[in-house]
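Novice: Okay, so here is start-v2.cif, and as you'll see once you scroll down, it has mmCIF, C-alpha atoms and all ligand atoms.
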data_entry
loop_
_atom_site.label_atom_id
_atom_site.label_comp_id
_atom_site.auth_asym_id
_atom_site.auth_seq_id
_atom_site.Cartn_x
_atom_site.Cartn_y
_atom_site.Cartn_z
CA MET A 1 95.06 97.17 82.70
CA ILE A 2 98.48 98.81 83.06
CA ASN A 3 98.55 102.30 84.55
CA VAL A 4 101.18 105.02 84.52
CA LEU A 5 103.38 105.60 87.57
CA SER A 6 105.29 108.88 87.56
CA VAL A 7 107.60 110.79 89.88
CA ASP A 8 108.36 114.52 89.66
CA VAL A 9 112.00 114.74 90.71
CA GLU A 10 112.54 118.06 92.49
CA GLU A 11 113.86 119.20 95.89
CA TYR A 12 111.54 119.98 98.82
CA PHE A 13 112.19 123.70 98.19
CA HIS A 14 111.02 123.66 94.54
CA PRO A 15 107.19 123.23 94.71
CA SER A 16 105.18 126.27 93.57
CA GLU A 17 103.51 126.22 96.99
CA ILE A 18 106.92 126.84 98.61
CA GLN A 19 108.30 129.38 96.13
CA PRO A 20 106.71 132.46 97.81
CA PHE A 21 108.80 131.65 100.91
CA VAL A 22 112.15 130.76 99.30
CA ASP A 23 113.95 132.93 96.77
CA PRO A 24 115.54 130.84 93.96
CA GLU A 25 118.83 132.51 94.86
CA GLN A 26 118.72 130.58 98.15
CA TRP A 27 118.35 127.18 96.44
CA GLU A 28 122.12 126.60 96.21
CA ARG A 29 122.55 127.12 99.95
CA LEU A 30 119.74 124.86 101.18
CA GLU A 31 120.35 121.31 102.31
CA SER A 32 119.88 118.84 99.43
CA ARG A 33 117.74 115.79 100.26
CA ILE A 34 116.97 114.51 96.77
CA GLU A 35 119.54 111.71 96.46
CA PRO A 36 118.50 109.55 99.44
CA GLN A 37 114.83 110.18 98.61
CA VAL A 38 115.27 108.96 95.01
CA LEU A 39 117.40 105.96 96.05
CA ASP A 40 114.63 105.02 98.51
CA ILE A 41 112.05 105.19 95.70
CA LEU A 42 114.26 103.14 93.35
CA GLN A 43 114.56 100.45 96.01
CA LEU A 44 110.80 100.40 96.59
CA PHE A 45 110.10 100.13 92.85
CA GLU A 46 112.62 97.30 92.57
CA GLU A 47 110.97 95.42 95.44
CA LYS A 48 107.58 95.86 93.76
CA GLN A 49 109.05 95.10 90.32
CA THR A 50 107.53 98.14 88.72
CA LYS A 51 108.80 100.66 86.20
CA ALA A 52 107.96 104.36 86.23
CA THR A 53 108.54 107.64 84.41
CA PHE A 54 110.71 110.16 86.29
CA PHE A 55 110.08 113.77 85.27
CA ILE A 56 113.36 115.38 86.32
CA LEU A 57 113.99 119.06 86.98
CA GLY A 58 116.95 120.29 84.86
CA TRP A 59 118.29 122.17 87.89
CA VAL A 60 118.50 118.85 89.77
CA ALA A 61 120.00 116.96 86.79
CA GLU A 62 122.76 119.56 86.49
CA ARG A 63 123.75 119.32 90.17
CA HIS A 64 123.15 115.60 90.74
CA PRO A 65 123.78 113.81 87.39
CA GLN A 66 124.45 110.56 89.29
CA ILE A 67 120.77 110.48 90.31
CA VAL A 68 119.66 110.68 86.67
CA ARG A 69 122.08 107.88 85.80
CA ALA A 70 120.83 105.72 88.70
CA ILE A 71 117.21 106.14 87.54
CA ALA A 72 118.14 105.27 83.95
CA ALA A 73 120.32 102.32 85.03
CA ALA A 74 117.35 100.85 86.94
CA GLY A 75 115.38 100.76 83.66
CA HIS A 76 112.99 103.64 84.30
CA GLU A 77 111.98 106.28 81.81
CA ILE A 78 113.81 109.61 81.95
CA ALA A 79 111.53 112.59 81.29
CA CYS A 80 111.59 116.37 81.74
CA HIS A 81 110.01 118.59 84.44
CA SER A 82 111.38 121.96 83.12
CA TYR A 83 114.68 123.52 84.21
CA SER A 84 113.75 126.02 86.89
CA HIS A 85 110.20 125.07 87.98
CA ARG A 86 108.57 128.27 86.75
CA LEU A 87 104.87 128.25 85.87
CA VAL A 88 104.45 127.94 82.09
CA TYR A 89 101.66 130.54 81.93
CA SER A 90 103.98 133.08 83.58
CA LEU A 91 106.52 132.72 80.73
CA THR A 92 106.59 133.98 77.15
CA PRO A 93 106.86 131.24 74.47
CA GLN A 94 110.52 132.30 73.99
CA GLU A 95 111.26 131.97 77.72
CA PHE A 96 109.48 128.60 77.84
CA ARG A 97 111.52 127.32 74.89
CA ALA A 98 114.79 128.47 76.48
CA ASP A 99 113.88 126.85 79.84
CA THR A 100 112.90 123.59 78.12
CA GLU A 101 116.04 123.43 75.96
CA ARG A 102 118.22 124.06 79.03
CA ALA A 103 116.47 121.23 80.90
CA VAL A 104 116.80 118.81 77.96
CA ALA A 105 120.52 119.59 77.72
CA ALA A 106 121.07 119.04 81.48
CA ILE A 107 119.17 115.74 81.49
CA SER A 108 120.77 114.46 78.27
CA ASP A 109 124.26 115.39 79.50
CA ALA A 110 123.63 113.46 82.73
CA CYS A 111 122.45 110.16 81.23
CA GLY A 112 123.06 110.26 77.47
CA ALA A 113 119.35 109.92 76.61
CA ARG A 114 117.09 112.68 75.37
CA PRO A 115 113.73 112.92 77.16
CA VAL A 116 110.59 112.69 74.97
CA ALA A 117 107.96 113.17 77.70
CA TYR A 118 107.31 116.47 79.50
CA ARG A 119 105.43 117.55 82.61
CA ALA A 120 105.03 121.24 83.40
CA PRO A 121 105.65 122.55 86.93
CA SER A 122 102.33 122.56 88.80
CA TYR A 123 100.38 121.44 85.71
CA SER A 124 100.74 124.98 84.39
CA ILE A 125 99.69 124.24 80.81
CA THR A 126 96.24 125.78 81.03
CA ARG A 127 93.89 127.39 78.48
CA LYS A 128 96.13 130.47 78.42
CA SER A 129 99.33 128.48 77.80
CA LEU A 130 98.21 125.76 75.36
CA TRP A 131 100.75 127.29 72.92
CA ALA A 132 103.38 125.43 75.00
CA LEU A 133 102.35 122.11 73.40
CA GLU A 134 103.50 123.37 69.99
CA VAL A 135 106.84 124.45 71.49
CA LEU A 136 107.22 120.98 73.05
CA VAL A 137 106.66 119.31 69.65
CA GLU A 138 109.29 121.60 68.12
CA CYS A 139 111.70 120.64 70.96
CA GLY A 140 111.29 116.92 70.07
CA PHE A 141 108.73 115.85 72.68
CA THR A 142 106.20 113.16 71.70
CA HIS A 143 104.34 112.92 75.05
CA ASP A 144 103.05 115.42 77.59
CA SER A 145 101.39 115.10 80.99
CA SER A 146 100.90 118.75 81.97
CA ILE A 147 97.14 119.22 81.88
CA TYR A 148 94.99 118.48 84.95
CA PRO A 149 91.34 118.36 83.82
CA ILE A 150 89.99 119.93 87.03
CA ALA A 151 89.33 123.36 88.54
CA HIS A 152 92.08 124.57 90.94
CA ASP A 153 93.32 128.03 91.92
CA ARG A 154 96.70 127.58 90.21
CA TYR A 155 96.17 125.09 87.38
CA GLY A 156 93.71 122.91 85.50
CA ILE A 157 91.39 122.96 82.49
CA PRO A 158 87.91 121.95 83.72
CA GLY A 159 86.07 119.88 81.11
CA PHE A 160 89.28 118.89 79.29
CA GLU A 161 89.51 115.32 77.90
CA ARG A 162 90.38 113.11 80.90
CA HIS A 163 92.16 110.22 79.18
CA ARG A 164 95.21 109.77 77.00
CA HIS A 165 94.62 111.33 73.59
CA THR A 166 96.39 112.92 70.64
CA ILE A 167 96.56 116.71 70.38
CA GLN A 168 97.32 118.15 66.94
CA THR A 169 99.41 121.31 67.16
CA PRO A 170 100.41 123.48 64.16
CA SER A 171 103.85 121.81 64.34
CA GLY A 172 102.64 118.20 64.70
CA PRO A 173 100.95 115.80 67.11
CA ILE A 174 101.70 115.16 70.78
CA GLN A 175 100.21 112.47 73.06
CA GLU A 176 98.56 114.04 76.11
CA PHE A 177 98.19 111.86 79.24
CA PRO A 178 96.29 113.81 81.92
CA VAL A 179 96.63 112.86 85.58
CA ALA A 180 93.88 110.54 86.85
CA THR A 181 90.49 111.94 87.76
CA VAL A 182 87.24 110.21 88.58
CA ARG A 183 83.85 111.25 87.18
CA PHE A 184 80.76 110.80 89.30
CA GLY A 185 77.21 110.14 88.12
CA ASN A 186 76.31 113.82 88.44
CA GLY A 187 79.13 114.75 86.04
CA ARG A 188 81.42 116.14 88.74
CA VAL A 189 85.11 115.40 88.09
CA ALA A 190 87.41 114.91 91.09
CA PRO A 191 91.20 114.59 91.14
CA ILE A 192 92.70 111.33 92.43
CA GLY A 193 96.02 110.93 90.62
CA GLY A 194 98.51 112.80 92.65
CA GLY A 195 100.10 115.53 94.60
CA GLY A 196 98.04 116.65 97.54
CA TYR A 197 95.04 114.63 96.41
CA LEU A 198 96.91 111.32 96.51
CA ARG A 199 98.48 112.24 99.86
CA LEU A 200 95.44 113.74 101.59
CA LEU A 201 92.63 111.39 100.55
CA PRO A 202 92.19 107.97 102.18
CA GLY A 203 93.93 105.14 100.30
CA ARG A 204 90.64 103.30 99.81
CA TYR A 205 89.23 106.36 97.99
CA THR A 206 92.20 106.47 95.58
CA CYS A 207 91.98 102.70 94.95
CA ALA A 208 88.22 102.88 94.33
CA GLY A 209 88.79 105.76 91.90
CA LEU A 210 91.47 103.88 89.96
CA ARG A 211 89.26 100.78 89.75
CA ARG A 212 86.48 102.95 88.37
CA VAL A 213 88.76 104.36 85.65
CA ASN A 214 90.21 100.91 84.79
CA HIS A 215 87.02 98.82 84.94
CA ASP A 216 84.11 101.15 84.22
CA GLU A 217 85.84 103.40 81.70
CA GLN A 218 88.37 100.81 80.42
CA GLN A 219 91.14 103.41 80.52
CA PRO A 220 94.61 103.47 82.06
CA ALA A 221 95.15 106.03 84.83
CA CYS A 222 98.21 108.19 85.50
CA ILE A 223 99.36 108.83 89.05
CA TYR A 224 102.29 110.88 90.35
CA PHE A 225 104.11 111.87 93.51
CA HIS A 226 107.24 113.76 94.54
CA PRO A 227 110.32 112.38 96.35
CA TRP A 228 109.78 114.94 99.18
CA GLU A 229 106.33 113.44 99.83
CA ILE A 230 107.91 110.30 101.31
CA ASP A 231 110.33 112.28 103.52
CA PRO A 232 108.45 113.31 106.69
CA SER A 233 111.57 114.83 108.29
CA GLN A 234 112.19 117.44 105.59
CA PRO A 235 112.61 121.09 106.72
CA ARG A 236 109.27 122.92 106.85
CA LEU A 237 109.64 125.97 104.60
CA ALA A 238 105.96 126.84 103.93
CA ARG A 239 104.80 129.57 106.30
CA THR A 240 101.10 130.18 105.67
CA LEU A 241 98.46 127.84 107.05
CA LEU A 242 97.14 126.91 103.59
CA ALA A 243 100.60 126.25 102.16
CA ARG A 244 101.58 124.18 105.20
CA ALA A 245 98.38 122.13 104.99
CA ARG A 246 98.75 121.51 101.25
CA THR A 247 102.43 120.60 101.47
CA TYR A 248 102.94 118.70 104.71
CA THR A 249 99.65 117.00 105.64
CA GLY A 250 99.78 113.24 105.14
CA LEU A 251 103.56 112.91 104.63
CA GLY A 252 103.75 110.22 107.32
CA GLY A 253 101.22 107.93 105.61
CA MET A 254 102.31 108.47 102.02
CA ARG A 255 104.74 105.58 101.81
CA SER A 256 102.24 102.95 102.96
CA LYS A 257 99.64 104.42 100.61
CA LEU A 258 102.07 104.03 97.71
CA ILE A 259 102.82 100.44 98.69
CA ARG A 260 99.10 99.66 98.72
CA LEU A 261 98.72 101.13 95.21
CA LEU A 262 101.73 99.19 93.92
CA ASP A 263 100.29 95.98 95.42
CA GLU A 264 96.78 96.46 94.04
CA PHE A 265 97.48 97.85 90.56
CA GLN A 266 99.91 97.32 87.70
CA PHE A 267 102.02 100.26 86.57
CA SER A 268 104.59 101.11 83.92
CA THR A 269 106.12 104.08 82.10
CA LEU A 270 104.13 106.83 80.40
CA THR A 271 105.27 106.17 76.83
CA SER A 272 104.76 102.39 77.11
CA VAL A 273 101.15 102.48 78.33
CA GLN A 274 98.67 102.29 75.48
CA PRO A 275 95.44 104.30 75.32
CA GLY A 276 92.19 102.59 76.28
CA ALA A 277 89.41 101.49 73.97
CA ARG A 278 88.23 105.03 73.22
CA THR A 279 90.90 107.25 71.67
CA LEU A 280 90.36 110.85 70.73
CA THR A 281 92.13 113.50 68.74
CA ALA A 282 91.87 117.18 69.58
CA SER A 283 93.42 120.25 67.96
CA ILE A 284 94.78 123.54 69.26
ZN ZN A 301 107.09 120.09 90.30
#
Can the structure in the file be given as C-alpha cells, please?
Ligand SMILES: [Zn+2]
Specialist:
Amino acid sequence: MINVLSVDVEEYFHPSEIQPFVDPEQWERLESRIEPQVLDILQLFEEKQTKATFFILGWVAERHPQIVRAIAAAGHEIACHSYSHRLVYSLTPQEFRADTERAVAAISDACGARPVAYRAPSYSITRKSLWALEVLVECGFTHDSSIYPIAHDRYGIPGFERHRHTIQTPSGPIQEFPVATVRFGNGRVAPIGGGGYLRLLPGRYTCAGLRRVNHDEQQPACIYFHPWEIDPSQPRLARTLLARARTYTGLGGMRSKLIRLLDEFQFSTLTSVQPGARTLTASI
C-alpha cells in the first residue's frame, strides 16, 4: 500500500495559530527560515528515496522561487497552499478565487508548472465553505486535500468521508483526499495524519493507526507536516499557553518520528496514489 506524504510549505510565522500574534504587515521584516528547512527535508526524502507533494504558499513562492524550483527539480509534486494563508471560510467566493489565482500565478512563475492539487490553510474548507471546491475546479484543480473529517475548534467536518473519493461540484468533479484518521470500534474518529497530532502523539500510535487504515480498511492514508516542525530553534512567536502548546510541543522529536514513518511505510505524491478498494462519489 502506497500512502501520501505531503508538506505544507510556509514560514514559522504563517500558521493560523500564530496569526493573532503577528500582523501580516510584519511578515516582510521577520527572519526567513524556509530555505534551509526545505533543503533539509529534500535531503531527508532523497536519503529515504521517497517522493512527496509540497503544498506551497504563494507568498513564499513569490519571495523564494528557487525553493519551488529545487522541490520540482528533485521530482516532487508542486501543489498550492493558497497565497496569503487566510482561512477559506473567512473569505467570500470572490476573495477566495482571487487569492487562489494569485497563488497559482506565483507558483507557476517560479517553476513553470501549474499546480493541480490544493490544500486550504488550516483545513478551512468546512461545511460553510464547501463552495470553495467548485471555485477550485473552475481554477483548474483536479485534487484537493482541505477537509479534515474530525471535530476541532477551527476546522473539520465530523462524519465526512474519511478516504479518497470523488466530489461532484456544479462545475465538475474533484478528487478529495482527506488527511488520515483512525476509526475505533465504538465509531469514534481520531486524527493521526498530521500537524499537532502527528507531532504530539507517540510514534507507535501513529504507526499503529496507519497500519489500521492500510491493512484493516485497505485504504491509503495521507499524512502532512510543516517545514517549521523540524526546526526546534525557530523564534517562539505564539504567546498564549494553548497556542504555545499546540505549536511548539514535540518539535525536538519530530524528525526522528518522520524517519520512523518513512522507514516503516511507503509514500508517494497525492495525485499518483490510487484510491483503495472502496471508492465513493459525493455531491455538493
Ligand atoms: Zn498552512
Novice: Just give me the residues with any atom within 8 Å of (111.1, 114.8, 83.0), file coordinates, counting all atoms listed in the file, written as a short mmCIF file (atom, residue, chain, number, x, y, z; two decimals) with C-alpha atoms, in the frame of the given file.
Specialist:
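Output file out_0.cif follows:
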data_model
loop_
_atom_site.label_atom_id
_atom_site.label_comp_id
_atom_site.auth_asym_id
_atom_site.auth_seq_id
_atom_site.Cartn_x
_atom_site.Cartn_y
_atom_site.Cartn_z
CA ASP A 8 108.36 114.52 89.66
CA VAL A 9 112.00 114.74 90.71
CA THR A 53 108.54 107.64 84.41
CA PHE A 54 110.71 110.16 86.29
CA PHE A 55 110.08 113.77 85.27
CA ILE A 56 113.36 115.38 86.32
CA LEU A 57 113.99 119.06 86.98
CA ILE A 78 113.81 109.61 81.95
CA ALA A 79 111.53 112.59 81.29
CA CYS A 80 111.59 116.37 81.74
CA HIS A 81 110.01 118.59 84.44
CA SER A 82 111.38 121.96 83.12
CA PRO A 115 113.73 112.92 77.16
CA ALA A 117 107.96 113.17 77.70
CA TYR A 118 107.31 116.47 79.50
CA ARG A 119 105.43 117.55 82.61
#
Novice: Check the smallest atom-to-atom distance from each of A:Leu270, A:Val116, A:Cys139, A:Val60 to ligand ZN 301 (chain A) using all atoms listed in the file, then report the winner.
Specialist: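 Using all atoms listed in the file, ligand ZN 301 (chain A) sits closest to A:Val60.
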Novice: Can you pull out every residue with an atom within 10 Å of ligand ZN 301 (chain A)? Use only C-alpha atoms and all ligand atoms and format it as JSON, numbers by chain.
Specialist: {"A": [7, 8, 9, 10, 11, 12, 14, 15, 16, 17, 55, 56, 57, 81, 82, 84, 85, 86, 87, 119, 120, 121, 122, 123, 124, 195, 225, 226]}
Novice: CA of Asn186 (chain A) and CA of Thr281 (chain A) are how many Å apart?
Specialist: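 Distance between the two atoms: 25.3 Å.
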Novice: So, with all atoms listed in the file as the atoms that count, which of A:Pro20, A:Pro202, A:Pro178, A:Gly196 lies closest to His163 (chain A)?
Specialist: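 Ranked by minimum distance to His163 (chain A), first place goes to A:Pro178.
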Novice: In terms of the shortest atom-to-atom distance over all atoms listed in the file, which of A:Thr92, A:Ser129, A:Asn3, A:Thr247 is closest to Arg164 (chain A)?
Specialist: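 With all atoms listed in the file as the atom set, the closest residue is A:Asn3.
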Novice: With distances taken over all atoms listed in the file, which of A:Tyr205, A:Tyr83, A:Tyr197, A:Tyr89 is nearest to Thr249 (chain A)?
Specialist: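 Selected residue with least distance to Thr249 (chain A): A:Tyr197.
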Novice: Within 10 Å of (105.2, 109.6, 99.6) (coordinates as in the file), grab all the protein and nucleic acid residues, counting only C-alpha atoms, and write them out as a list of chain:residue names.
Specialist: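 Result, sorted by chain then residue number: A:Gln37, A:Ile41, A:Gly195, A:Leu198, A:Arg199, A:Tyr224, A:Phe225, A:His226, A:Pro227, A:Trp228, A:Glu229, A:Ile230, A:Asp231, A:Pro232, A:Gly250, A:Leu251, A:Gly252, A:Gly253, A:Met254, A:Arg255, A:Ser256, A:Lys257, A:Leu258, A:Ile259.
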Novice: Please produce a file of those selected residues containing C-alpha atoms, as an mmCIF file, in the frame of the given file.
Specialist:
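File written: part15.cif
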data_model
loop_
_atom_site.group_PDB
_atom_site.id
_atom_site.type_symbol
_atom_site.label_atom_id
_atom_site.label_comp_id
_atom_site.auth_asym_id
_atom_site.auth_seq_id
_atom_site.Cartn_x
_atom_site.Cartn_y
_atom_site.Cartn_z
ATOM 1 C CA GLN A 37 114.830 110.180 98.610
ATOM 2 C CA ILE A 41 112.050 105.190 95.700
ATOM 3 C CA GLY A 195 100.100 115.530 94.600
ATOM 4 C CA LEU A 198 96.910 111.320 96.510
ATOM 5 C CA ARG A 199 98.480 112.240 99.860
ATOM 6 C CA TYR A 224 102.290 110.880 90.350
ATOM 7 C CA PHE A 225 104.110 111.870 93.510
ATOM 8 C CA HIS A 226 107.240 113.760 94.540
ATOM 9 C CA PRO A 227 110.320 112.380 96.350
ATOM 10 C CA TRP A 228 109.780 114.940 99.180
ATOM 11 C CA GLU A 229 106.330 113.440 99.830
ATOM 12 C CA ILE A 230 107.910 110.300 101.310
ATOM 13 C CA ASP A 231 110.330 112.280 103.520
ATOM 14 C CA PRO A 232 108.450 113.310 106.690
ATOM 15 C CA GLY A 250 99.780 113.240 105.140
ATOM 16 C CA LEU A 251 103.560 112.910 104.630
ATOM 17 C CA GLY A 252 103.750 110.220 107.320
ATOM 18 C CA GLY A 253 101.220 107.930 105.610
ATOM 19 C CA MET A 254 102.310 108.470 102.020
ATOM 20 C CA ARG A 255 104.740 105.580 101.810
ATOM 21 C CA SER A 256 102.240 102.950 102.960
ATOM 22 C CA LYS A 257 99.640 104.420 100.610
ATOM 23 C CA LEU A 258 102.070 104.030 97.710
ATOM 24 C CA ILE A 259 102.820 100.440 98.690
#
Novice: Just to confirm, what's the straight-line distance from CA of Arg63 (chain A) to CA of Trp27 (chain A) in Å (one decimal)?
Specialist: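 Here the two named atoms are 11.4 Å from each other.
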Novice: Compile the contact shell of Thr269 (chain A) as a PyMOL selection string: residues with an atom at most 12 Å away, counting all atoms listed in the file, same-chain residues fewer than 2 positions apart removed.
Specialist: chain A and resi 2-7+50-55+75-79+117+143+177+220-224+266-267+271-274
Novice: List as number ranges by chain the protein and nucleic acid residues near region 182-185 of chain A, meaning an atom at most 7 Å away when all atoms listed in the file are counted, but skip any in the same chain fewer than 6 places from it.
Specialist: A: 191-192, 209, 213
